[in-house]
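> Please find upload-v8.tsv (TSV, C-alpha atoms) on the next line:
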chain	number	residue	atom	x	y	z
J	170	MET	CA	27.77	-120.76	-31.82
J	171	ASP	CA	26.42	-117.97	-29.61
J	172	PHE	CA	22.72	-117.10	-29.62
J	173	ALA	CA	23.05	-114.12	-27.26
J	174	LEU	CA	23.28	-110.50	-28.31
J	175	SER	CA	26.79	-109.09	-28.13
J	176	GLU	CA	27.51	-106.41	-25.55
J	177	ASP	CA	27.31	-103.73	-28.26
J	178	GLN	CA	24.03	-105.10	-29.57
J	179	GLN	CA	22.57	-105.22	-26.06
J	180	ASN	CA	23.62	-101.60	-25.58
J	181	ILE	CA	21.86	-100.70	-28.84
J	182	ARG	CA	18.71	-102.46	-27.69
J	183	GLU	CA	18.67	-100.69	-24.33
J	184	ALA	CA	19.42	-97.29	-25.86
J	185	VAL	CA	16.63	-97.67	-28.43
J	186	LEU	CA	14.16	-98.75	-25.77
J	187	ARG	CA	15.08	-95.66	-23.73
J	188	GLN	CA	14.70	-93.41	-26.77
J	189	CYS	CA	11.34	-94.94	-27.67
J	190	GLY	CA	10.27	-94.74	-24.03
J	191	GLU	CA	9.87	-91.00	-24.55
J	192	PHE	CA	6.81	-91.85	-26.68
J	193	SER	CA	4.14	-93.41	-24.52
J	194	ASP	CA	1.35	-95.82	-25.39
J	195	ASP	CA	-1.00	-92.86	-25.30
J	196	TYR	CA	1.12	-91.07	-27.92
J	197	TRP	CA	0.72	-93.99	-30.32
J	198	LEU	CA	-2.95	-94.42	-29.49
J	199	GLU	CA	-3.58	-90.78	-30.35
J	200	LYS	CA	-1.62	-91.08	-33.60
J	201	ASP	CA	-3.65	-94.16	-34.50
J	202	ARG	CA	-6.89	-92.29	-33.82
J	203	SER	CA	-5.91	-89.08	-35.63
J	204	GLY	CA	-3.98	-90.61	-38.50
J	205	GLU	CA	-1.29	-87.96	-38.04
J	206	TRP	CA	2.22	-88.98	-39.13
J	207	PRO	CA	4.60	-89.27	-36.11
J	208	HIS	CA	6.85	-86.32	-36.94
J	209	GLU	CA	8.12	-86.02	-33.37
J	210	PHE	CA	9.19	-89.65	-33.23
J	211	HIS	CA	10.87	-89.51	-36.64
J	212	LYS	CA	12.81	-86.39	-35.62
J	213	ALA	CA	13.92	-87.92	-32.34
J	214	MET	CA	15.21	-91.07	-34.06
J	215	ALA	CA	16.96	-89.01	-36.74
J	216	ASP	CA	18.52	-86.71	-34.13
J	217	GLY	CA	19.70	-89.77	-32.24
J	218	GLY	CA	21.50	-91.05	-35.34
J	219	TRP	CA	19.42	-94.22	-35.53
J	220	LEU	CA	18.26	-93.88	-39.15
J	221	GLY	CA	21.77	-94.52	-40.39
J	222	ILE	CA	22.56	-97.54	-38.25
J	223	ALA	CA	23.31	-99.77	-41.25
J	224	MET	CA	24.63	-97.09	-43.62
J	225	PRO	CA	28.38	-96.51	-44.15
J	226	GLU	CA	30.16	-93.91	-42.07
J	227	ALA	CA	31.23	-92.15	-45.27
J	228	VAL	CA	27.63	-90.97	-45.79
J	229	GLY	CA	26.88	-90.19	-42.17
J	230	GLY	CA	25.83	-93.64	-41.00
J	231	ALA	CA	27.03	-95.79	-38.13
J	232	GLY	CA	28.56	-98.43	-40.38
J	233	LEU	CA	26.92	-101.34	-38.55
J	234	GLY	CA	25.16	-104.36	-40.00
J	235	ILE	CA	21.66	-105.63	-40.61
J	236	SER	CA	21.99	-107.59	-37.35
J	237	GLU	CA	22.24	-104.32	-35.41
J	238	ALA	CA	19.45	-102.82	-37.51
J	239	ALA	CA	17.27	-105.82	-36.63
J	240	VAL	CA	18.06	-105.33	-32.93
J	241	MET	CA	16.97	-101.71	-33.29
J	242	MET	CA	13.77	-102.36	-35.22
J	243	GLN	CA	12.71	-105.17	-32.90
J	244	ALA	CA	13.14	-102.80	-29.94
J	245	VAL	CA	11.21	-100.04	-31.73
J	246	ALA	CA	8.19	-102.30	-32.23
J	247	GLU	CA	8.55	-103.86	-28.77
J	248	SER	CA	8.51	-100.42	-27.15
J	249	GLY	CA	4.79	-100.18	-27.89
J	250	GLY	CA	5.13	-98.12	-31.05
J	251	GLY	CA	4.56	-101.25	-33.09
J	252	LEU	CA	4.42	-100.96	-36.87
J	253	SER	CA	3.39	-97.30	-36.63
J	254	ALA	CA	6.79	-96.50	-35.16
J	255	ALA	CA	8.75	-99.00	-37.22
J	256	SER	CA	7.25	-98.03	-40.57
J	257	ALA	CA	8.00	-94.36	-39.95
J	258	ILE	CA	11.74	-95.11	-39.98
J	259	HIS	CA	11.89	-98.48	-41.76
J	260	GLY	CA	12.85	-97.18	-45.21
J	261	PRO	CA	16.04	-95.27	-44.39
J	262	VAL	CA	17.45	-98.19	-42.41
J	263	PHE	CA	17.88	-100.43	-45.46
J	264	GLY	CA	16.11	-98.79	-48.40
J	265	LEU	CA	19.08	-96.90	-49.78
J	266	GLU	CA	21.19	-100.05	-50.10
J	267	PRO	CA	20.88	-99.89	-53.94
J	268	VAL	CA	22.44	-96.42	-53.87
J	269	ILE	CA	25.31	-97.71	-51.73
J	270	LEU	CA	25.92	-100.71	-53.97
J	271	PHE	CA	25.23	-99.24	-57.42
J	272	GLY	CA	25.24	-95.46	-57.05
J	273	THR	CA	28.17	-93.20	-57.80
J	274	GLU	CA	30.04	-91.49	-54.99
J	275	GLU	CA	28.36	-88.24	-56.00
J	276	GLN	CA	24.92	-89.85	-55.75
J	277	GLN	CA	25.70	-91.37	-52.37
J	278	GLN	CA	26.85	-88.05	-50.93
J	279	ARG	CA	23.92	-86.16	-52.43
J	280	MET	CA	21.11	-88.62	-51.75
J	281	ILE	CA	21.79	-90.37	-48.46
J	282	PRO	CA	22.81	-87.82	-45.77
J	283	PRO	CA	19.56	-85.74	-45.98
J	284	ILE	CA	17.55	-88.92	-45.29
J	285	LEU	CA	19.69	-89.97	-42.34
J	286	THR	CA	19.51	-86.54	-40.70
J	287	GLY	CA	15.74	-86.38	-41.16
J	288	GLU	CA	15.99	-83.34	-43.43
J	289	GLU	CA	14.21	-85.37	-46.12
J	290	LYS	CA	11.87	-88.35	-46.04
J	291	MET	CA	11.68	-91.16	-48.59
J	292	CYS	CA	9.32	-93.81	-49.90
J	293	PHE	CA	9.41	-96.82	-52.22
J	294	ALA	CA	7.42	-96.59	-55.44
J	295	VAL	CA	7.40	-100.18	-56.67
J	296	THR	CA	4.01	-101.90	-56.38
J	297	GLU	CA	1.31	-101.24	-58.99
J	298	PRO	CA	-2.47	-101.75	-59.02
J	299	ASN	CA	-2.60	-104.49	-61.66
J	300	THR	CA	0.67	-106.34	-61.15
J	301	GLY	CA	0.96	-107.03	-57.42
J	302	LEU	CA	3.99	-109.25	-56.76
J	303	ASP	CA	4.61	-109.68	-60.50
J	304	THR	CA	7.09	-106.80	-60.55
J	305	THR	CA	8.49	-107.66	-63.97
J	306	SER	CA	5.06	-106.92	-65.50
J	307	LEU	CA	4.73	-103.41	-64.09
J	308	LYS	CA	3.31	-100.79	-66.44
J	309	THR	CA	4.84	-97.49	-65.29
J	310	ARG	CA	6.91	-96.25	-68.21
J	311	ALA	CA	10.02	-94.07	-68.21
J	312	GLU	CA	10.79	-92.77	-71.70
J	313	ARG	CA	14.07	-91.19	-72.69
J	314	VAL	CA	13.99	-87.43	-73.25
J	315	GLU	CA	16.70	-84.82	-73.43
J	316	GLY	CA	18.56	-84.79	-70.13
J	317	GLY	CA	16.69	-87.66	-68.53
J	318	TYR	CA	13.37	-89.50	-68.53
J	319	ARG	CA	9.66	-88.71	-68.66
J	320	VAL	CA	7.61	-91.02	-66.41
J	321	ASN	CA	3.91	-91.91	-66.50
J	322	GLY	CA	2.03	-94.55	-64.55
J	323	GLU	CA	0.42	-95.57	-61.28
J	324	LYS	CA	1.71	-97.02	-58.02
J	325	ILE	CA	-0.19	-98.41	-55.04
J	326	TRP	CA	0.44	-99.15	-51.35
J	327	ILE	CA	3.26	-96.64	-51.26
J	328	THR	CA	4.04	-96.11	-47.59
J	329	ASN	CA	4.80	-92.54	-46.49
J	330	ALA	CA	4.36	-91.06	-50.00
J	331	HIS	CA	2.10	-88.34	-48.57
J	332	VAL	CA	4.98	-86.97	-46.45
J	333	ALA	CA	7.98	-88.02	-48.57
J	334	ASP	CA	10.36	-85.69	-50.37
J	335	ARG	CA	12.09	-88.42	-52.38
J	336	MET	CA	11.20	-91.82	-53.76
J	337	LEU	CA	12.96	-94.94	-54.98
J	338	LEU	CA	11.07	-95.60	-58.20
J	339	ILE	CA	11.24	-98.50	-60.60
J	340	ALA	CA	9.82	-98.11	-64.09
J	341	ARG	CA	10.02	-99.85	-67.43
J	342	THR	CA	12.37	-98.18	-69.89
J	343	THR	CA	12.08	-100.91	-72.53
J	344	PRO	CA	8.64	-102.35	-73.35
J	345	LEU	CA	8.08	-105.90	-72.14
J	346	GLU	CA	7.55	-107.22	-75.66
J	347	GLU	CA	10.99	-105.93	-76.68
J	348	VAL	CA	13.10	-107.69	-74.03
J	349	LYS	CA	14.43	-111.25	-74.06
J	350	ARG	CA	13.77	-111.77	-70.36
J	351	LYS	CA	11.03	-110.20	-68.26
J	352	THR	CA	13.57	-109.04	-65.69
J	353	GLU	CA	15.25	-106.84	-68.29
J	354	GLY	CA	14.24	-103.34	-69.32
J	355	LEU	CA	13.38	-102.06	-65.81
J	356	THR	CA	15.28	-99.08	-64.45
J	357	LEU	CA	15.68	-97.78	-60.91
J	358	PHE	CA	15.62	-94.11	-59.97
J	359	TYR	CA	15.99	-92.16	-56.75
J	360	CYS	CA	14.30	-88.87	-57.46
J	361	LYS	CA	12.31	-85.94	-56.14
J	362	LEU	CA	8.66	-86.65	-55.40
J	363	ASP	CA	7.36	-83.74	-57.46
J	364	ARG	CA	3.84	-82.89	-56.28
J	365	ASP	CA	3.15	-81.01	-59.53
J	366	ALA	CA	3.51	-84.25	-61.48
J	367	ILE	CA	2.38	-86.76	-58.85
J	368	GLU	CA	-1.01	-86.96	-57.18
J	369	HIS	CA	-1.26	-89.01	-54.02
J	370	ARG	CA	-4.43	-90.44	-52.47
J	371	LEU	CA	-4.42	-91.98	-49.03
J	372	ILE	CA	-5.93	-95.47	-48.82
J	373	PRO	CA	-8.32	-95.90	-45.85
J	374	LYS	CA	-7.19	-99.07	-44.13
J	375	MET	CA	-7.57	-101.33	-41.13
J	376	GLY	CA	-4.55	-100.33	-39.05
J	377	ARG	CA	-1.31	-98.38	-38.84
J	378	HIS	CA	-3.31	-95.21	-39.41
J	379	ALA	CA	-0.42	-92.96	-38.38
J	380	VAL	CA	1.66	-94.16	-41.34
J	381	GLY	CA	-0.29	-93.63	-44.52
J	382	SER	CA	-0.44	-95.91	-47.56
J	383	ASN	CA	-1.01	-94.19	-50.88
J	384	MET	CA	-2.05	-94.48	-54.48
J	385	LEU	CA	0.25	-92.46	-56.77
J	386	PHE	CA	-0.80	-91.09	-60.15
J	387	ILE	CA	2.31	-90.06	-62.08
J	388	SER	CA	1.85	-87.74	-65.04
J	389	ASP	CA	4.83	-86.51	-67.09
J	390	LEU	CA	7.26	-86.64	-64.19
J	391	PHE	CA	10.71	-85.55	-65.36
J	392	ILE	CA	13.64	-87.39	-63.78
J	393	PRO	CA	17.13	-86.12	-64.62
J	394	GLU	CA	19.61	-88.73	-65.77
J	395	GLU	CA	21.79	-88.14	-62.71
J	396	ASP	CA	18.99	-89.62	-60.57
J	397	ARG	CA	19.17	-93.00	-62.29
J	398	ILE	CA	20.71	-95.70	-60.08
J	399	GLY	CA	22.97	-98.09	-61.97
J	400	GLU	CA	22.62	-99.02	-65.61
J	401	GLU	CA	19.46	-98.50	-67.58
J	402	GLY	CA	17.48	-101.74	-67.83
J	403	GLN	CA	19.13	-103.34	-64.77
J	404	GLY	CA	16.74	-101.98	-62.14
J	405	PHE	CA	15.15	-105.30	-61.24
J	406	LYS	CA	18.50	-106.92	-60.43
J	407	ILE	CA	19.51	-103.86	-58.43
J	408	LEU	CA	16.22	-103.83	-56.52
J	409	LEU	CA	16.71	-107.48	-55.51
J	410	GLN	CA	19.71	-106.44	-53.39
J	411	GLY	CA	17.38	-104.96	-50.80
J	412	LEU	CA	14.87	-107.80	-50.53
J	413	ASN	CA	16.62	-109.98	-47.96
J	414	PRO	CA	17.35	-107.11	-45.53
J	415	GLU	CA	13.73	-105.97	-45.86
J	416	ARG	CA	12.44	-109.42	-44.93
J	417	VAL	CA	14.82	-109.60	-41.96
J	418	LEU	CA	13.70	-106.23	-40.60
J	419	LEU	CA	9.98	-107.03	-41.08
J	420	GLY	CA	10.59	-110.23	-39.13
J	421	ALA	CA	12.31	-108.31	-36.35
J	422	GLU	CA	9.39	-105.89	-36.16
J	423	ALA	CA	6.82	-108.69	-36.08
J	424	THR	CA	8.59	-110.40	-33.19
J	425	GLY	CA	8.83	-107.05	-31.40
J	426	LEU	CA	5.08	-106.66	-31.71
J	427	GLY	CA	4.58	-110.21	-30.46
J	428	ARG	CA	6.75	-109.52	-27.44
J	429	VAL	CA	4.94	-106.37	-26.36
J	430	ALA	CA	1.55	-108.03	-26.84
J	431	ILE	CA	2.56	-110.93	-24.60
J	432	GLN	CA	3.94	-108.50	-22.00
J	433	LYS	CA	0.69	-106.53	-21.92
J	434	ALA	CA	-1.43	-109.67	-21.64
J	435	ALA	CA	0.74	-111.22	-18.91
J	436	GLN	CA	0.62	-108.03	-16.87
J	437	TYR	CA	-3.17	-107.91	-17.21
J	438	ALA	CA	-3.42	-111.61	-16.28
J	439	ARG	CA	-1.44	-110.98	-13.08
J	440	GLU	CA	-3.66	-108.07	-12.05
J	441	ARG	CA	-7.16	-109.12	-13.17
J	442	ILE	CA	-9.00	-110.85	-10.32
J	443	VAL	CA	-12.01	-113.07	-11.14
J	444	PHE	CA	-13.59	-115.58	-8.71
J	445	GLY	CA	-11.12	-114.47	-6.08
J	446	ARG	CA	-7.92	-115.24	-8.03
J	447	PRO	CA	-5.85	-113.68	-10.82
J	448	ILE	CA	-6.85	-115.02	-14.20
J	449	GLY	CA	-3.17	-115.69	-14.86
J	450	GLN	CA	-3.36	-118.50	-12.32
J	451	ASN	CA	-5.57	-120.42	-14.75
J	452	GLN	CA	-3.80	-122.68	-17.23
J	453	GLY	CA	-6.33	-121.70	-19.85
J	454	ILE	CA	-4.67	-118.27	-19.79
J	455	GLN	CA	-1.11	-119.38	-18.95
J	456	HIS	CA	-0.58	-122.00	-21.64
J	457	PRO	CA	-1.59	-120.00	-24.74
J	458	LEU	CA	0.63	-117.11	-23.61
J	459	ALA	CA	3.52	-119.47	-22.86
J	460	LYS	CA	3.14	-121.09	-26.28
J	461	ALA	CA	3.03	-117.69	-27.97
J	462	TRP	CA	6.22	-116.63	-26.15
J	463	MET	CA	8.06	-119.74	-27.35
J	464	GLN	CA	6.94	-119.23	-30.93
J	465	VAL	CA	8.01	-115.58	-30.96
J	466	GLU	CA	11.42	-116.32	-29.46
J	467	ALA	CA	12.03	-119.19	-31.91
J	468	ALA	CA	11.13	-116.91	-34.83
J	469	SER	CA	13.46	-114.26	-33.44
J	470	LEU	CA	16.34	-116.74	-33.63
J	471	MET	CA	15.67	-117.25	-37.35
J	472	VAL	CA	15.56	-113.48	-37.84
J	473	PHE	CA	19.03	-113.08	-36.37
J	474	LYS	CA	20.38	-116.13	-38.17
J	475	ALA	CA	19.34	-114.56	-41.47
J	476	ALA	CA	20.78	-111.20	-40.43
J	477	SER	CA	24.12	-112.72	-39.44
J	478	LEU	CA	24.36	-114.59	-42.75
J	479	PHE	CA	23.64	-111.38	-44.67
J	480	ASP	CA	26.26	-109.46	-42.71
J	481	ALA	CA	28.78	-112.24	-43.41
J	482	GLY	CA	28.14	-111.89	-47.14
J	483	GLN	CA	26.59	-115.34	-47.42
J	484	ASP	CA	23.48	-116.41	-49.29
J	485	CYS	CA	20.50	-115.99	-46.97
J	486	GLY	CA	17.44	-116.09	-49.25
J	487	ALA	CA	15.90	-119.14	-47.58
J	488	GLU	CA	16.65	-117.89	-44.09
J	489	ALA	CA	15.43	-114.32	-44.72
J	490	ASN	CA	12.17	-115.53	-46.25
J	491	SER	CA	11.71	-118.08	-43.47
J	492	ALA	CA	12.40	-115.41	-40.86
J	493	LYS	CA	9.75	-113.13	-42.30
J	494	TYR	CA	7.21	-115.98	-42.53
J	495	LEU	CA	7.81	-117.44	-39.07
J	496	ALA	CA	7.98	-114.05	-37.36
J	497	ALA	CA	4.78	-112.82	-38.97
J	498	GLU	CA	2.89	-115.98	-38.02
J	499	ALA	CA	4.28	-116.02	-34.47
J	500	GLY	CA	3.63	-112.29	-34.02
J	501	TYR	CA	0.05	-112.69	-35.21
J	502	GLU	CA	-0.56	-115.62	-32.88
J	503	ALA	CA	0.89	-113.65	-29.98
J	504	CYS	CA	-1.26	-110.58	-30.64
J	505	GLN	CA	-4.42	-112.64	-31.12
J	506	THR	CA	-3.69	-114.61	-27.94
J	507	ALA	CA	-3.18	-111.36	-26.04
J	508	VAL	CA	-6.57	-110.05	-27.14
J	509	MET	CA	-8.33	-113.29	-26.25
J	510	SER	CA	-6.55	-113.56	-22.89
J	511	MET	CA	-7.80	-110.12	-21.91
J	512	GLY	CA	-11.34	-110.75	-23.09
J	513	GLY	CA	-13.43	-107.64	-23.57
J	514	MET	CA	-10.60	-105.40	-22.43
J	515	GLY	CA	-8.42	-106.84	-25.16
J	516	TYR	CA	-10.93	-105.38	-27.60
J	517	ALA	CA	-10.74	-101.95	-25.96
J	518	GLN	CA	-8.39	-99.37	-27.48
J	519	GLU	CA	-7.10	-98.21	-24.11
J	520	TYR	CA	-5.34	-101.54	-23.57
J	521	HIS	CA	-3.51	-101.28	-26.92
J	522	VAL	CA	-3.38	-104.97	-27.87
J	523	GLU	CA	-6.18	-104.58	-30.42
J	524	ARG	CA	-3.93	-102.06	-32.20
J	525	TYR	CA	-1.08	-104.54	-32.20
J	526	LEU	CA	-3.37	-107.19	-33.71
J	527	ARG	CA	-4.42	-104.86	-36.52
J	528	GLU	CA	-0.81	-103.87	-37.21
J	529	VAL	CA	0.70	-107.37	-37.10
J	530	LEU	CA	-1.34	-108.30	-40.16
J	531	ILE	CA	0.98	-106.09	-42.21
J	532	PRO	CA	4.09	-108.34	-42.01
J	533	ARG	CA	1.86	-111.32	-42.78
J	534	ILE	CA	0.69	-109.68	-46.02
J	535	ALA	CA	3.64	-107.56	-47.14
J	536	PRO	CA	6.07	-107.18	-48.78
J	537	VAL	CA	5.56	-110.72	-50.01
J	538	SER	CA	2.67	-113.06	-49.22
J	539	PRO	CA	3.18	-116.14	-47.04
J	540	HIS	CA	2.13	-118.28	-50.00
J	541	GLN	CA	4.95	-116.93	-52.17
J	542	ILE	CA	7.42	-117.64	-49.39
J	543	LEU	CA	6.19	-121.22	-49.21
J	544	ASN	CA	6.62	-121.41	-52.99
J	545	TYR	CA	10.17	-120.08	-52.64
J	546	ILE	CA	11.16	-122.63	-50.00
J	547	ALA	CA	9.53	-125.48	-51.93
J	548	GLU	CA	11.41	-124.60	-55.12
J	549	ARG	CA	14.76	-123.30	-53.85
J	550	VAL	CA	15.27	-125.52	-50.81
J	551	LEU	CA	13.28	-128.67	-51.52
J	552	ASP	CA	13.93	-128.62	-55.29
J	553	LEU	CA	10.25	-129.10	-56.12
J	554	PRO	CA	8.82	-128.01	-59.49
J	555	LYS	CA	7.50	-124.48	-59.87
J	556	SER	CA	3.78	-124.35	-59.14
J	557	TYR	CA	2.79	-121.09	-60.82
Could you render the structure as structure tokens?

Amino acid sequence: MDFALSEDQQNIREAVLRQCGEFSDDYWLEKDRSGEWPHEFHKAMADGGWLGIAMPEAVGGAGLGISEAAVMMQAVAESGGGLSAASAIHGPVFGLEPVILFGTEEQQQRMIPPILTGEEKMCFAVTEPNTGLDTTSLKTRAERVEGGYRVNGEKIWITNAHVADRMLLIARTTPLEEVKRKTEGLTLFYCKLDRDAIEHRLIPKMGRHAVGSNMLFISDLFIPEEDRIGEEGQGFKILLQGLNPERVLLGAEATGLGRVAIQKAAQYARERIVFGRPIGQNQGIQHPLAKAWMQVEAASLMVFKAASLFDAGQDCGAEANSAKYLAAEAGYEACQTAVMSMGGMGYAQEYHVERYLREVLIPRIAPVSPHQILNYIAERVLDLPKSY
């Protein structure tokens, strides 16, 4: 049992930190203020080959695992880019897993390489305004027409839809009242985001301004049959294949944010002199930061345990959900502690930790709430009765 990164993983971490080091804190502060998508960062990561770290070599990827992807995404967030940086490249790292597992060879060769090279950008079109986490009750409808499907409906909280060229879309092909099980009758597509049939509206929000979240209004979108992933009606089962990797990577990003927040606060505490001594000499500053460090590093261990189980082909639902929960809570505590340790300067944009605090709320909320994770652990691990 070895808890250390392998030599290759350590090399990945150092290389990613160097790559991200080209984008300063001021770069991310300006992107947060302007709301402009980080095109330069995305291009640099694509040019460096990082977007395909966990994709097979046959489609232009590096052929590595989710463990290596977690190392990368943790370093991206830890570099100071936070969730603004991570969310700009998060999707390609794991999001095309359904195409790898259920797509044809033609689909894989056609769909994946343009995303990995940065030629195209993608988004996930899953969540809807009136269904939330109840994915099986979504209302977007894909009806059979000659040569494919005609889609109508609405989606919400769709990250990067305003800049995306393609989207992974799930829609109901069989009405809910006509299926035996709610999980049936949903179909997954990877298709063009046609601006003539799709209107996007940016959602003003608390943080991560550089990476937009969108409402989508889909009206008579035609999707050719060759853009359907897997069998019709099996989209929900196919979509589930990407849930555990997503939770692992969100956990890695949350611990990365926690790390950089603690680093910023510790540096400030060493340099800030009050009453003739650095404030970091006071245990009232030391102990909360020390506690936050321990919590973040413990959560990081769960992240990599879940990643290693996934890469070994073992069941990791409990570990992946626990990793996401623990990392989000530890990251939040670290960012909040950093702000409070720095006092008024922690509230100032120029010191960056207030941005981390706003961004670290995202892995607490999405893609699944902490309450649903607690439900999952209670039911699947502790064998307690379902509560909802």
> What's the 12 Å shell around Gly486 (chain J), counting only C-alpha atoms, without same-chain residues fewer than 5 positions away, as a list in words?
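The residues that qualify are Leu409, Gln410, Gly411, Leu412, Asn413, Pro414, Glu415, Arg416, Val417, Val472, Lys474, Ala475, Ala476, Leu478, Phe479, Ser491, Ala492, Lys493, Ile542, Tyr545, Ile546, Glu548, Arg549 and Val550 of chain J.
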> Have a look at J:Gly250, J:Pro344, J:Gly221, J:Gly404 and name the one nearest to Gly264 (chain J); count only C-alpha atoms.
J:Gly221
> For Ser175 (chain J), which of J:Thr342, J:Thr305, J:Gln188, J:Ser236 is the closest residue, counting all atoms listed in the file?
J:Ser236
> Need the shell around Gly190 (chain J): protein/DNA/RNA residues with any atom at most 10 Å away, counting all atoms listed in the file. Skip same-chain ones fewer than 6 positions apart. Format as a PyMOL selection string?
chain J and resi 184+245+248-250
> Sorted by chain and rising residue number, which residues of region 370-449 of chain J lie within 12 Å of region 290-293 of chain J, and what are their closest atom pairs and distances in Å to one decimal, counting all atoms listed in the file, as a tab-separated table?

residue	atom	partner	partner_atom	distance
J:Val380	CA	J:Cys292	CA	11.5
J:Gly381	CA	J:Cys292	CA	11.0
J:Ser382	CA	J:Cys292	CA	10.3
J:Asn383	CA	J:Cys292	CA	10.4
J:Met384	CA	J:Phe293	CA	11.9
J:Leu385	CA	J:Phe293	CA	11.1
J:Leu408	CA	J:Phe293	CA	10.7
J:Gly411	CA	J:Phe293	CA	11.5
J:Glu415	CA	J:Phe293	CA	12.0
> For the selection you just gave me, I'd like the residues written to a file as a short mmCIF file (atom, residue, chain, number, x, y, z; two decimals), in the coordinates of the input, keeping C-alpha atoms.

data_model
loop_
_atom_site.label_atom_id
_atom_site.label_comp_id
_atom_site.auth_asym_id
_atom_site.auth_seq_id
_atom_site.Cartn_x
_atom_site.Cartn_y
_atom_site.Cartn_z
CA VAL J 380 1.66 -94.16 -41.34
CA GLY J 381 -0.29 -93.63 -44.52
CA SER J 382 -0.44 -95.91 -47.56
CA ASN J 383 -1.01 -94.19 -50.88
CA MET J 384 -2.05 -94.48 -54.48
CA LEU J 385 0.25 -92.46 -56.77
CA LEU J 408 16.22 -103.83 -56.52
CA GLY J 411 17.38 -104.96 -50.80
CA GLU J 415 13.73 -105.97 -45.86
#
> Choose the residue, out of J:Leu543, J:Ala489, J:Val443, J:Ala468, that has the smallest atom-to-atom separation from Lys555 (chain J); count all atoms listed in the file.
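Of the candidates, the smallest distance to Lys555 (chain J) is held by J:Leu543.
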> In Å, how far is it from CA of Ser253 (chain J) to CA of Arg377 (chain J)?
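Rounded to one decimal, the two atoms are 5.3 Å apart.
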> For CA of Asp303 (chain J) and CA of Phe473 (chain J), quote the distance in Å rounded to one decimal.
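Interatomic distance, CA of Asp303 (chain J) to CA of Phe473 (chain J): 28.3 Å.
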> Taking all atoms listed in the file into account, name the residue in J:Ile407, J:Val228, J:Ser256, J:Ala481 that is nearest to Leu270 (chain J).
J:Ile407
> Name all residues at most 9 Å from region 198-208 of chain J (count all atoms listed in the file; drop same-chain ones fewer than 4 positions away) and give them as a PyMOL selection string.
chain J and resi 193-194+212-213+253-254+257+329+332+376-381+518-519+521+524
> Return the single residue from J:Leu345, J:Met336, J:Ile327, J:Ala547 that is closest to Tyr359 (chain J), with distances computed using only C-alpha atoms.
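The closest residue to Tyr359 (chain J) is J:Met336.
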> Hey, can you check how far CA of Gly251 (chain J) sits from CA of Ile442 (chain J)?
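Pair CA of Gly251 (chain J) / CA of Ile442 (chain J) returns 28.2 Å.
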> Find the residue from J:Leu362, J:Ala333, J:Leu526, J:Ala459 that sits nearest to Ala430 (chain J); use only C-alpha atoms when measuring.
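Between J:Leu362, J:Ala333, J:Leu526, J:Ala459, the residue approaching Ala430 (chain J) most closely is J:Leu526.
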> For region 387-403 of chain J, list every protein, DNA or RNA residue within 7 Å, evaluated using all atoms listed in the file, and leave out those in the same chain fewer than 2 positions away; present the list as a PyMOL selection string.
chain J and resi 268+271-272+316-323+342+353-360+366-368+385+405-407
> Quick one: which region 310-422 of chain J residues come within 9 Å of region 496-500 of chain J, and what is the nearest atom pair for each with the distance in Å to one decimal, counting all atoms listed in the file, rows ordered by chain and ascending number, as JSON lines?

{"residue": "J:Leu419", "atom": "CA", "partner": "J:Ala497", "partner_atom": "CA", "distance": 8.1}
{"residue": "J:Gly420", "atom": "CA", "partner": "J:Ala496", "partner_atom": "CA", "distance": 5.0}
{"residue": "J:Ala421", "atom": "CA", "partner": "J:Ala496", "partner_atom": "CA", "distance": 7.3}
{"residue": "J:Glu422", "atom": "CA", "partner": "J:Ala496", "partner_atom": "CA", "distance": 8.4}
> Would you put the residues from that selection into a file with C-alpha atoms, as a compact mmCIF listing (two decimals), in the coordinates of the input?

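Result file result_10.txt:
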# COMPACT_ATOMS: atom_id res chain seq x y z
CA LEU J 419 9.98 -107.03 -41.08
CA GLY J 420 10.59 -110.23 -39.13
CA ALA J 421 12.31 -108.31 -36.35
CA GLU J 422 9.39 -105.89 -36.16
> Which residues come within 12 Å of region 514-517 of chain J, counting only C-alpha atoms, excluding same-chain residues fewer than 6 positions away, as number ranges by chain?
J: 198, 430-431, 433-435, 437-438, 441, 504-508, 523-527
> Export region 361-380 of chain J, C-alpha atoms, as a short mmCIF file (atom, residue, chain, number, x, y, z; two decimals), in the first residue's frame; it's the structure right above.

data_model
loop_
_atom_site.label_atom_id
_atom_site.label_comp_id
_atom_site.auth_asym_id
_atom_site.auth_seq_id
_atom_site.Cartn_x
_atom_site.Cartn_y
_atom_site.Cartn_z
CA LYS J 361 -23.65 19.79 -33.04
CA LEU J 362 -24.78 22.71 -30.90
CA ASP J 363 -26.78 24.36 -33.67
CA ARG J 364 -27.26 28.04 -32.79
CA ASP J 365 -30.17 28.29 -35.26
CA ALA J 366 -32.16 25.82 -33.17
CA ILE J 367 -30.72 26.53 -29.72
CA GLU J 368 -30.86 29.80 -27.81
CA HIS J 369 -28.49 30.20 -24.89
CA ARG J 370 -28.80 32.68 -22.02
CA LEU J 371 -25.99 33.20 -19.56
CA ILE J 372 -26.99 32.90 -15.90
CA PRO J 373 -25.55 35.72 -13.72
CA LYS J 374 -23.96 33.96 -10.77
CA MET J 375 -21.82 34.32 -7.68
CA GLY J 376 -18.46 33.06 -8.95
CA ARG J 377 -16.51 31.40 -11.73
CA HIS J 378 -17.49 34.27 -14.00
CA ALA J 379 -14.95 33.30 -16.65
CA VAL J 380 -16.74 30.01 -17.29
#
